[in-house]
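Colleague: Sending over structure_8.csv (CSV, C-alpha atoms).
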chain,number,residue,atom,x,y,z
A,28,MET,CA,107.4,-7.5,122.5
A,29,ARG,CA,104.9,-6.1,120.0
A,30,ILE,CA,104.8,-2.3,119.9
A,31,ASP,CA,101.3,-0.9,119.5
A,32,ARG,CA,100.0,2.7,119.5
A,33,ALA,CA,99.8,2.9,123.3
A,34,ALA,CA,103.4,1.7,123.7
A,35,LEU,CA,104.5,4.2,121.0
A,36,ALA,CA,103.0,7.1,122.9
A,37,ASP,CA,104.6,5.9,126.1
A,38,LEU,CA,107.9,5.5,124.2
A,39,ALA,CA,107.7,9.1,123.0
A,40,ARG,CA,107.0,10.4,126.5
A,41,GLY,CA,109.9,8.3,128.0
A,42,ALA,CA,112.3,9.3,125.2
A,43,ALA,CA,111.5,13.0,125.8
A,44,PHE,CA,112.3,12.5,129.5
A,45,LEU,CA,115.6,10.7,128.7
A,46,GLY,CA,116.6,13.3,126.1
A,47,SER,CA,116.3,16.1,128.7
A,48,GLY,CA,115.6,18.6,125.8
A,49,GLY,CA,118.0,16.9,123.4
A,50,GLY,CA,117.4,14.5,120.5
A,51,GLY,CA,114.6,16.5,118.9
A,52,ASP,CA,110.9,16.8,119.5
A,53,PRO,CA,109.3,13.3,119.5
A,54,TYR,CA,105.9,14.6,118.4
A,55,TYR,CA,106.5,14.3,114.6
A,56,GLY,CA,108.3,11.0,115.0
A,57,LEU,CA,105.3,9.7,116.9
A,58,LEU,CA,102.9,10.8,114.1
A,59,LEU,CA,105.1,9.1,111.5
A,60,ALA,CA,105.3,5.9,113.6
A,61,GLU,CA,101.5,5.9,114.2
A,62,ALA,CA,100.9,6.3,110.5
A,63,ALA,CA,103.3,3.4,109.8
A,64,ILE,CA,101.4,1.2,112.3
A,65,ALA,CA,98.1,2.1,110.5
A,66,ARG,CA,99.7,1.3,107.2
A,67,CYS,CA,101.8,-1.8,107.9
A,68,GLY,CA,100.8,-3.1,111.4
A,69,GLY,CA,102.8,-3.1,114.6
A,70,PHE,CA,106.5,-3.3,115.3
A,71,ASP,CA,108.5,-6.0,117.0
A,72,LEU,CA,111.0,-5.1,119.7
A,73,ILE,CA,113.6,-7.8,120.3
A,74,ALA,CA,116.4,-8.2,122.8
A,75,PRO,CA,120.1,-7.9,121.6
A,76,ALA,CA,120.4,-11.6,122.6
A,77,ASP,CA,118.0,-12.5,119.9
A,78,LEU,CA,120.3,-11.3,117.1
A,79,ALA,CA,122.4,-13.8,115.1
A,80,ASP,CA,126.1,-13.1,115.3
A,81,ASP,CA,126.3,-12.2,111.6
A,82,ALA,CA,123.1,-10.1,111.4
A,83,LEU,CA,123.4,-6.6,109.8
A,84,VAL,CA,122.0,-4.1,112.3
A,85,ALA,CA,121.6,-0.4,111.4
A,86,PRO,CA,121.6,2.4,114.1
A,87,CYS,CA,119.8,5.5,112.8
A,88,GLY,CA,118.6,8.9,113.9
A,89,TRP,CA,118.4,12.6,113.0
A,90,ILE,CA,121.3,15.0,112.9
A,91,GLY,CA,120.9,18.8,113.0
A,92,ALA,CA,119.1,21.4,115.1
A,93,PRO,CA,116.1,20.1,117.1
A,94,THR,CA,114.4,23.5,116.8
A,95,VAL,CA,114.5,23.2,113.0
A,96,SER,CA,112.6,20.0,113.1
A,97,VAL,CA,109.6,21.8,114.6
A,98,GLU,CA,109.2,23.8,111.4
A,99,LYS,CA,110.9,21.7,108.7
A,100,LEU,CA,108.9,18.5,108.6
A,101,PRO,CA,110.3,15.2,107.3
A,102,ASN,CA,108.8,13.7,104.2
A,103,GLY,CA,108.6,10.2,105.9
A,104,GLY,CA,110.9,8.5,103.5
A,105,GLU,CA,114.3,9.6,104.7
A,106,THR,CA,114.9,6.6,107.0
A,107,VAL,CA,114.0,4.0,104.4
A,108,ALA,CA,116.0,5.7,101.7
A,109,GLY,CA,119.1,5.7,103.8
A,110,LEU,CA,118.7,2.1,104.9
A,111,ARG,CA,118.2,1.0,101.3
A,112,ARG,CA,121.4,2.7,100.3
A,113,LEU,CA,123.3,1.1,103.2
A,114,GLU,CA,122.0,-2.3,102.0
A,115,ALA,CA,123.4,-1.6,98.5
A,116,LEU,CA,126.7,-0.6,100.1
A,117,MET,CA,126.9,-3.7,102.3
A,118,GLY,CA,125.6,-6.0,99.6
A,119,ARG,CA,123.0,-7.6,101.9
A,120,ARG,CA,119.6,-6.9,103.5
A,121,ILE,CA,119.4,-5.2,106.9
A,122,ASP,CA,118.2,-7.6,109.6
A,123,ALA,CA,117.3,-5.1,112.4
A,124,VAL,CA,117.4,-1.4,113.3
A,125,LEU,CA,118.0,0.5,116.5
A,126,PRO,CA,117.9,4.1,117.7
A,127,VAL,CA,121.4,5.5,117.7
A,128,GLU,CA,120.2,7.5,120.8
A,129,ILE,CA,117.1,6.9,122.8
A,130,GLY,CA,116.6,10.5,123.9
A,131,GLY,CA,114.0,12.7,122.2
A,132,GLY,CA,112.7,12.2,118.7
A,133,ASN,CA,115.6,9.9,117.8
A,134,GLY,CA,114.1,7.3,120.1
A,135,LEU,CA,111.4,6.9,117.6
A,136,ALA,CA,113.5,7.2,114.4
A,137,PRO,CA,113.8,3.5,113.5
A,138,PHE,CA,110.2,2.5,113.9
A,139,VAL,CA,108.9,3.8,110.5
A,140,ALA,CA,111.7,1.9,108.8
A,141,ALA,CA,111.0,-1.2,110.9
A,142,ALA,CA,107.4,-1.2,109.5
A,143,GLU,CA,108.4,-0.4,105.9
A,144,LEU,CA,111.2,-3.0,105.8
A,145,GLY,CA,109.5,-5.6,107.9
A,146,VAL,CA,112.4,-5.9,110.4
A,147,PRO,CA,112.5,-5.6,114.2
A,148,VAL,CA,113.8,-2.9,116.4
A,149,VAL,CA,116.5,-3.9,118.8
A,150,ASP,CA,116.0,-3.0,122.5
A,151,CYS,CA,119.2,-1.0,122.8
A,152,ASP,CA,120.9,2.2,121.7
A,153,GLY,CA,124.2,4.0,121.7
A,154,MET,CA,124.1,6.1,124.8
A,155,GLY,CA,121.0,5.6,127.0
A,156,ARG,CA,120.0,9.3,126.6
A,157,ALA,CA,120.6,12.1,124.0
A,158,PHE,CA,124.0,13.3,122.9
A,159,PRO,CA,125.2,16.4,120.9
A,160,GLU,CA,127.6,14.7,118.5
A,161,SER,CA,127.7,11.3,116.9
A,162,GLN,CA,131.2,10.3,118.0
A,163,MET,CA,130.0,10.4,121.7
A,164,VAL,CA,128.2,7.1,121.4
A,165,ILE,CA,129.5,3.9,123.0
A,166,PHE,CA,130.2,2.4,119.6
A,167,ASN,CA,133.0,5.0,119.0
A,168,ILE,CA,134.3,4.5,122.5
A,169,ARG,CA,134.6,0.8,121.8
A,170,GLY,CA,136.6,1.5,118.6
A,171,LEU,CA,133.8,0.8,116.0
A,172,SER,CA,133.6,2.9,112.8
A,173,ALA,CA,130.6,5.1,112.0
A,174,CYS,CA,131.2,4.4,108.3
A,175,PRO,CA,129.8,3.7,105.8
A,176,SER,CA,127.2,6.3,106.8
A,177,VAL,CA,124.3,7.6,104.7
A,178,LEU,CA,122.7,11.0,105.1
A,179,THR,CA,119.3,11.7,103.6
A,180,ALA,CA,117.2,14.9,103.5
A,181,ALA,CA,113.5,15.7,103.0
A,182,CYS,CA,114.3,17.2,99.6
A,183,GLY,CA,115.5,13.8,98.4
A,184,SER,CA,119.2,14.5,98.6
A,185,LEU,CA,121.4,11.6,99.7
A,186,ALA,CA,125.1,11.5,100.6
A,187,VAL,CA,127.4,8.5,101.5
A,188,ILE,CA,130.1,9.4,104.0
A,189,GLU,CA,133.4,7.5,104.3
A,190,THR,CA,136.0,8.9,106.7
A,191,ASP,CA,139.1,7.6,108.4
A,192,ASN,CA,137.9,8.5,111.9
A,193,ASN,CA,134.6,9.2,113.7
A,194,LEU,CA,135.3,12.8,114.7
A,195,THR,CA,135.8,13.7,111.0
A,196,HIS,CA,132.6,11.8,110.2
A,197,GLU,CA,130.7,14.0,112.7
A,198,ARG,CA,132.2,17.2,111.2
A,199,VAL,CA,131.3,16.2,107.7
A,200,ALA,CA,127.8,15.0,108.6
A,201,ARG,CA,127.2,18.2,110.6
A,202,GLY,CA,128.2,20.4,107.7
A,203,LEU,CA,126.0,18.5,105.3
A,204,SER,CA,123.0,18.7,107.6
A,205,VAL,CA,123.4,22.5,107.7
A,206,ALA,CA,123.6,22.6,103.9
A,207,LEU,CA,120.5,20.5,103.6
A,208,GLY,CA,118.4,22.9,105.6
A,209,GLY,CA,119.5,22.3,109.2
A,210,ILE,CA,118.4,18.7,109.7
A,211,ALA,CA,118.8,15.4,108.0
A,212,HIS,CA,118.5,11.7,108.7
A,213,MET,CA,121.6,9.6,109.3
A,214,VAL,CA,122.3,5.9,109.2
A,215,GLU,CA,125.7,5.2,110.9
A,216,TYR,CA,127.7,2.7,112.8
A,217,PRO,CA,126.5,-0.4,110.9
A,218,LEU,CA,126.9,-3.4,113.3
A,219,THR,CA,126.9,-7.1,113.3
A,220,GLY,CA,124.6,-8.8,115.7
A,221,ALA,CA,127.6,-9.8,117.9
A,222,GLN,CA,128.8,-6.2,118.0
A,223,ALA,CA,125.3,-4.9,118.9
A,224,ARG,CA,125.2,-7.4,121.8
A,225,GLN,CA,128.7,-6.5,123.0
A,226,HIS,CA,128.8,-2.7,122.6
A,227,SER,CA,125.3,-1.2,122.8
A,228,ILE,CA,123.3,0.0,125.8
A,229,PRO,CA,120.8,-2.8,126.4
A,230,GLY,CA,117.1,-2.3,127.4
A,231,SER,CA,117.0,1.4,126.6
A,232,VAL,CA,113.8,1.2,124.4
A,233,SER,CA,111.9,-0.8,127.0
A,234,THR,CA,113.1,1.5,129.7
A,235,ALA,CA,111.8,4.5,127.8
A,236,ILE,CA,108.4,2.8,127.4
A,237,ALA,CA,108.3,2.0,131.2
A,238,ILE,CA,109.2,5.6,132.0
A,239,GLY,CA,106.5,7.0,129.7
A,240,LYS,CA,103.9,4.5,131.1
A,241,ALA,CA,104.8,5.5,134.7
A,242,ILE,CA,104.3,9.2,133.9
A,243,ARG,CA,101.0,8.6,132.1
A,244,THR,CA,99.5,6.3,134.7
A,245,ALA,CA,100.6,8.6,137.6
A,246,ARG,CA,98.9,11.6,135.9
A,247,THR,CA,95.8,9.6,135.2
A,248,GLU,CA,95.5,8.3,138.7
A,249,ARG,CA,96.5,11.7,140.2
A,250,ARG,CA,99.6,10.2,141.9
A,251,ASP,CA,103.1,11.8,142.3
A,252,PRO,CA,104.8,11.3,138.9
A,253,PHE,CA,108.3,11.6,140.6
A,254,GLN,CA,107.5,8.6,142.8
A,255,ALA,CA,106.3,6.7,139.7
A,256,LEU,CA,109.5,7.6,137.9
A,257,ALA,CA,111.6,6.4,140.8
A,258,ALA,CA,109.7,3.1,140.8
A,259,ALA,CA,110.1,2.7,137.0
A,260,LEU,CA,113.8,3.4,137.2
A,261,GLY,CA,114.4,1.1,140.1
A,262,THR,CA,115.4,3.8,142.5
A,263,ARG,CA,113.8,6.0,145.1
A,264,ALA,CA,113.3,9.7,145.7
A,265,SER,CA,115.7,10.8,148.5
A,266,ILE,CA,113.7,14.0,149.1
A,267,PRO,CA,109.9,13.8,149.7
A,268,ILE,CA,108.0,15.7,147.0
A,269,ALA,CA,105.3,17.9,148.5
As C-alpha cells, what does this structure read like?
Modeller:
Amino acid sequence: MRIDRAALADLARGAAFLGSGGGGDPYYGLLLAEAAIARCGGFDLIAPADLADDALVAPCGWIGAPTVSVEKLPNGGETVAGLRRLEALMGRRIDAVLPVEIGGGNGLAPFVAAAELGVPVVDCDGMGRAFPESQMVIFNIRGLSACPSVLTAACGSLAVIETDNNLTHERVARGLSVALGGIAHMVEYPLTGAQARQHSIPGSVSTAIAIGKAIRTARTERRDPFQALAAALGTRASIPIA
C-alpha cells in the first residue's frame, strides 16, 4: 500500500482515536510527514509477512510528556539521526521501520524516516494503542530486549542506552528525556523480520487509517460517526446513538 497525503491525514485521525489522549498530539507528526512526502515522495506500507527473516526492523517513537510536544517542536531530524546510529551499532542498514505504538503522534513517528531512508513502514506496532511506559509493549512481554536503544533530542544530543532489563531501560530513557527538555525521540527493540512477524500487533497502521477514513467520511456525509467506527472496527454499537 502506498501512503499518500490523504491516507496520512486519516492515519493521524485514527491514531488519535486509538491513543485516547496518549501518544502525543499527531498534528506536528502529520506536518513533518506531509513535508517528507513533498520532499521525497510517498511511503510504502508493507505487511509483516513481506519481511525477510533476517531483516533489521526498527520500532521508534517519542518519549516524554505529550503536552511538552505542543510547545517544544521537533527539528525533524531526530528520527533519522537515531536510526543512523542504530545502523552503526548493528553494523548494517535498516530494512524497515514501524511505530512502537500506534496511538497518538507516535503512530506517525516512523514515516519521516521511511521517506528519508527509503525504507517501508511495517503494518504493525507494539501495543495496538498508546502506552505510558516502553516496557509495556508486547516485545517485552515476549522476552525481547529494548536495547541497544538510541535517544535523540531536538538540540542534537544523542544517547545510546544499554541495560540488562527493559524496566531499567525505561527508567533511564525517561530520566534522559526529562533532562533533554521533557521530550525526545527513541529507537528501541530492534527486531529481525522473523521477530516482527511473531511478536508484533499486526495490521495496526492500516486499522488506524480505516478508523480515520470512517470518521472523515461520516462527518462529510453527515452520518453517525459512531456507527461508522463500529463498521470500520468490525463490531456494532449495542446502544443506539440518538
Colleague: Which one of A:Glu61, A:Asp77, A:Glu98, A:Glu105 sits closest to A:Cys182 if you count only C-alpha atoms?
Modeller: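 Result for the nearest residue to A:Cys182: A:Glu105.
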Colleague: Using atom CA of A:Ala136 and atom CA of A:Thr106 as the two end points, give the distance in Å to one decimal.
Modeller: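 Separating atom CA of A:Ala136 from atom CA of A:Thr106 is a distance of 7.6 Å.
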Colleague: Could you tell me how far atom CA of A:Ser176 lies from atom CA of A:Val164, in Å and to one decimal?
Modeller: 14.7 Å
Colleague: Got a sec: who's within 7 Å of A:Val232, counting only C-alpha atoms, leaving out chain neighbours fewer than 2 positions off, as a PyMOL selection string?
Modeller: chain A and resi 129+150-151+230+234-236
Colleague: Per residue of stretch 148-181 of chain A within 8 Å of stretch 33-55 of chain A, which atom pair is closest and at what distance in Å (one decimal), using all atoms listed in the file, listed by chain and increasing number, as CSV?
Modeller:
residue,atom,partner,partner_atom,distance
A:Gly155,CA,A:Leu45,CA,7.6
A:Arg156,CA,A:Leu45,CA,5.1
A:Ala157,CA,A:Gly46,CA,4.7
A:Phe158,CA,A:Gly49,CA,7.0
A:Pro159,CA,A:Gly49,CA,7.6
Colleague: Restricting the calculation to all atoms listed in the file, which member of A:Leu116, A:Leu260, A:Leu100, A:Val177 is positioned closest to A:Val214?
Modeller: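 Under the stated criterion, the closest residue is A:Val177.
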Colleague: Give me, please, the distance in Å between atom CA of A:Ala140 and atom CA of A:Arg32, quoted to one decimal.
Modeller: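 Computed distance, atom CA of A:Ala140 to atom CA of A:Arg32, equals 15.9 Å.
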Colleague: Using only C-alpha atoms, pick whichever of A:Gly145, A:Gly88, A:Pro75, A:Gly134 has the shortest atom-to-atom distance to A:Thr179.
Modeller: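 For A:Thr179, the nearest of the given residues is A:Gly88.
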Colleague: Quick one: residues within 12 Å of A:Leu218, all atoms listed in the file, excluding same-chain residues fewer than 2 positions away - as a PyMOL selection string?
Modeller: chain A and resi 75+78-87+113+117+121-125+127+149+152-153+166-167+171-176+214-216+220-227
Colleague: Could you take the residues named above and write them with C-alpha atoms, as a compact mmCIF listing (two decimals), in the coordinates of the input?
Modeller:
# COMPACT_ATOMS: atom_id res chain seq x y z
CA PRO A 75 120.10 -7.90 121.60
CA LEU A 78 120.30 -11.30 117.10
CA ALA A 79 122.40 -13.80 115.10
CA ASP A 80 126.10 -13.10 115.30
CA ASP A 81 126.30 -12.20 111.60
CA ALA A 82 123.10 -10.10 111.40
CA LEU A 83 123.40 -6.60 109.80
CA VAL A 84 122.00 -4.10 112.30
CA ALA A 85 121.60 -0.40 111.40
CA PRO A 86 121.60 2.40 114.10
CA CYS A 87 119.80 5.50 112.80
CA LEU A 113 123.30 1.10 103.20
CA MET A 117 126.90 -3.70 102.30
CA ILE A 121 119.40 -5.20 106.90
CA ASP A 122 118.20 -7.60 109.60
CA ALA A 123 117.30 -5.10 112.40
CA VAL A 124 117.40 -1.40 113.30
CA LEU A 125 118.00 0.50 116.50
CA VAL A 127 121.40 5.50 117.70
CA VAL A 149 116.50 -3.90 118.80
CA ASP A 152 120.90 2.20 121.70
CA GLY A 153 124.20 4.00 121.70
CA PHE A 166 130.20 2.40 119.60
CA ASN A 167 133.00 5.00 119.00
CA LEU A 171 133.80 0.80 116.00
CA SER A 172 133.60 2.90 112.80
CA ALA A 173 130.60 5.10 112.00
CA CYS A 174 131.20 4.40 108.30
CA PRO A 175 129.80 3.70 105.80
CA SER A 176 127.20 6.30 106.80
CA VAL A 214 122.30 5.90 109.20
CA GLU A 215 125.70 5.20 110.90
CA TYR A 216 127.70 2.70 112.80
CA GLY A 220 124.60 -8.80 115.70
CA ALA A 221 127.60 -9.80 117.90
CA GLN A 222 128.80 -6.20 118.00
CA ALA A 223 125.30 -4.90 118.90
CA ARG A 224 125.20 -7.40 121.80
CA GLN A 225 128.70 -6.50 123.00
CA HIS A 226 128.80 -2.70 122.60
CA SER A 227 125.30 -1.20 122.80
Colleague: Please provide as a PyMOL selection string all residues within 7 Å of A:Ala259, with the sequence filter that same-chain residues fewer than 5 positions apart are discarded (counting all atoms listed in the file).
Modeller: chain A and resi 237-238+241
Colleague: Which of these residues is nearest to A:Gly91, using all atoms listed in the file: A:Leu58, A:Ala245, A:Ile228, A:Ala180?
Modeller: A:Ala180
Colleague: Between A:Cys67, A:Gly183, A:Asp191, A:Ile73, which residue has the minimum interatomic distance to A:Gly208, considering only C-alpha atoms?
Modeller: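 Selected residue with least distance to A:Gly208: A:Gly183.
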Colleague: From the list A:Ala200, A:Phe138, A:Gly132, A:Arg29, which residue is nearest A:Leu72 when using all atoms listed in the file?
Modeller: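 Nearest to A:Leu72: A:Arg29.
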Colleague: Starting from the incomplete input, reconstruct N, CA and C atoms of stretch 109-137 of chain A and write that as a PDB file, in the frame of the given file.
Modeller:
ATOM      1  N   GLY A 109     117.771   5.920 103.330  1.00  0.00           N
ATOM      2  CA  GLY A 109     119.100   5.700 103.800  1.00  0.00           C
ATOM      3  C   GLY A 109     119.449   4.276 104.097  1.00  0.00           C
ATOM      4  N   LEU A 110     118.500   3.535 104.622  1.00  0.00           N
ATOM      5  CA  LEU A 110     118.700   2.100 104.900  1.00  0.00           C
ATOM      6  C   LEU A 110     118.861   1.311 103.608  1.00  0.00           C
ATOM      7  N   ARG A 111     118.075   1.653 102.598  1.00  0.00           N
ATOM      8  CA  ARG A 111     118.200   1.000 101.300  1.00  0.00           C
ATOM      9  C   ARG A 111     119.573   1.199 100.694  1.00  0.00           C
ATOM     10  N   ARG A 112     120.093   2.428 100.809  1.00  0.00           N
ATOM     11  CA  ARG A 112     121.400   2.700 100.300  1.00  0.00           C
ATOM     12  C   ARG A 112     122.491   1.927 101.077  1.00  0.00           C
ATOM     13  N   LEU A 113     122.314   1.835 102.399  1.00  0.00           N
ATOM     14  CA  LEU A 113     123.300   1.100 103.200  1.00  0.00           C
ATOM     15  C   LEU A 113     123.237  -0.409 102.762  1.00  0.00           C
ATOM     16  N   GLU A 114     122.057  -0.947 102.486  1.00  0.00           N
ATOM     17  CA  GLU A 114     122.000  -2.300 102.000  1.00  0.00           C
ATOM     18  C   GLU A 114     122.768  -2.490 100.703  1.00  0.00           C
ATOM     19  N   ALA A 115     122.660  -1.518  99.799  1.00  0.00           N
ATOM     20  CA  ALA A 115     123.400  -1.600  98.500  1.00  0.00           C
ATOM     21  C   ALA A 115     124.913  -1.532  98.804  1.00  0.00           C
ATOM     22  N   LEU A 116     125.324  -0.704  99.761  1.00  0.00           N
ATOM     23  CA  LEU A 116     126.700  -0.600 100.100  1.00  0.00           C
ATOM     24  C   LEU A 116     127.285  -1.864 100.724  1.00  0.00           C
ATOM     25  N   MET A 117     126.485  -2.474 101.583  1.00  0.00           N
ATOM     26  CA  MET A 117     126.900  -3.700 102.300  1.00  0.00           C
ATOM     27  C   MET A 117     126.688  -4.944 101.525  1.00  0.00           C
ATOM     28  N   GLY A 118     125.879  -4.856 100.460  1.00  0.00           N
ATOM     29  CA  GLY A 118     125.600  -6.000  99.600  1.00  0.00           C
ATOM     30  C   GLY A 118     124.730  -7.063 100.278  1.00  0.00           C
ATOM     31  N   ARG A 119     123.862  -6.646 101.184  1.00  0.00           N
ATOM     32  CA  ARG A 119     123.000  -7.600 101.900  1.00  0.00           C
ATOM     33  C   ARG A 119     121.807  -6.811 102.500  1.00  0.00           C
ATOM     34  N   ARG A 120     120.784  -7.538 102.885  1.00  0.00           N
ATOM     35  CA  ARG A 120     119.600  -6.900 103.500  1.00  0.00           C
ATOM     36  C   ARG A 120     119.915  -6.616 104.994  1.00  0.00           C
ATOM     37  N   ILE A 121     119.279  -5.582 105.494  1.00  0.00           N
ATOM     38  CA  ILE A 121     119.400  -5.200 106.900  1.00  0.00           C
ATOM     39  C   ILE A 121     118.441  -6.175 107.698  1.00  0.00           C
ATOM     40  N   ASP A 122     118.930  -6.688 108.823  1.00  0.00           N
ATOM     41  CA  ASP A 122     118.200  -7.600 109.600  1.00  0.00           C
ATOM     42  C   ASP A 122     117.408  -6.939 110.779  1.00  0.00           C
ATOM     43  N   ALA A 123     117.910  -5.808 111.244  1.00  0.00           N
ATOM     44  CA  ALA A 123     117.300  -5.100 112.400  1.00  0.00           C
ATOM     45  C   ALA A 123     117.779  -3.679 112.404  1.00  0.00           C
ATOM     46  N   VAL A 124     117.025  -2.824 113.084  1.00  0.00           N
ATOM     47  CA  VAL A 124     117.400  -1.400 113.300  1.00  0.00           C
ATOM     48  C   VAL A 124     117.371  -1.098 114.752  1.00  0.00           C
ATOM     49  N   LEU A 125     118.020   0.008 115.123  1.00  0.00           N
ATOM     50  CA  LEU A 125     118.000   0.500 116.500  1.00  0.00           C
ATOM     51  C   LEU A 125     118.189   1.980 116.526  1.00  0.00           C
ATOM     52  N   PRO A 126     117.684   2.659 117.560  1.00  0.00           N
ATOM     53  CA  PRO A 126     117.900   4.100 117.700  1.00  0.00           C
ATOM     54  C   PRO A 126     119.375   4.357 118.070  1.00  0.00           C
ATOM     55  N   VAL A 127     120.058   5.252 117.361  1.00  0.00           N
ATOM     56  CA  VAL A 127     121.400   5.500 117.700  1.00  0.00           C
ATOM     57  C   VAL A 127     121.472   6.224 119.101  1.00  0.00           C
ATOM     58  N   GLU A 128     120.407   6.946 119.447  1.00  0.00           N
ATOM     59  CA  GLU A 128     120.200   7.500 120.800  1.00  0.00           C
ATOM     60  C   GLU A 128     118.743   7.340 121.148  1.00  0.00           C
ATOM     61  N   ILE A 129     118.461   7.069 122.414  1.00  0.00           N
ATOM     62  CA  ILE A 129     117.100   6.900 122.800  1.00  0.00           C
ATOM     63  C   ILE A 129     116.395   8.184 123.181  1.00  0.00           C
ATOM     64  N   GLY A 130     117.162   9.257 123.396  1.00  0.00           N
ATOM     65  CA  GLY A 130     116.600  10.500 123.900  1.00  0.00           C
ATOM     66  C   GLY A 130     115.842  11.281 122.769  1.00  0.00           C
ATOM     67  N   GLY A 131     114.714  11.876 123.111  1.00  0.00           N
ATOM     68  CA  GLY A 131     114.000  12.700 122.200  1.00  0.00           C
ATOM     69  C   GLY A 131     113.408  12.014 121.000  1.00  0.00           C
ATOM     70  N   GLY A 132     113.278  12.762 119.899  1.00  0.00           N
ATOM     71  CA  GLY A 132     112.700  12.200 118.700  1.00  0.00           C
ATOM     72  C   GLY A 132     113.489  11.059 118.104  1.00  0.00           C
ATOM     73  N   ASN A 133     114.782  11.008 118.377  1.00  0.00           N
ATOM     74  CA  ASN A 133     115.600   9.900 117.800  1.00  0.00           C
ATOM     75  C   ASN A 133     115.243   8.569 118.420  1.00  0.00           C
ATOM     76  N   GLY A 134     114.595   8.566 119.570  1.00  0.00           N
ATOM     77  CA  GLY A 134     114.100   7.300 120.100  1.00  0.00           C
ATOM     78  C   GLY A 134     113.102   6.615 119.264  1.00  0.00           C
ATOM     79  N   LEU A 135     112.396   7.397 118.428  1.00  0.00           N
ATOM     80  CA  LEU A 135     111.400   6.900 117.600  1.00  0.00           C
ATOM     81  C   LEU A 135     111.827   6.706 116.110  1.00  0.00           C
ATOM     82  N   ALA A 136     113.033   7.184 115.805  1.00  0.00           N
ATOM     83  CA  ALA A 136     113.500   7.200 114.400  1.00  0.00           C
ATOM     84  C   ALA A 136     113.448   5.885 113.681  1.00  0.00           C
ATOM     85  N   PRO A 137     113.799   4.760 114.310  1.00  0.00           N
ATOM     86  CA  PRO A 137     113.800   3.500 113.500  1.00  0.00           C
ATOM     87  C   PRO A 137     112.498   2.863 113.273  1.00  0.00           C
TER      88      PRO A 137
END
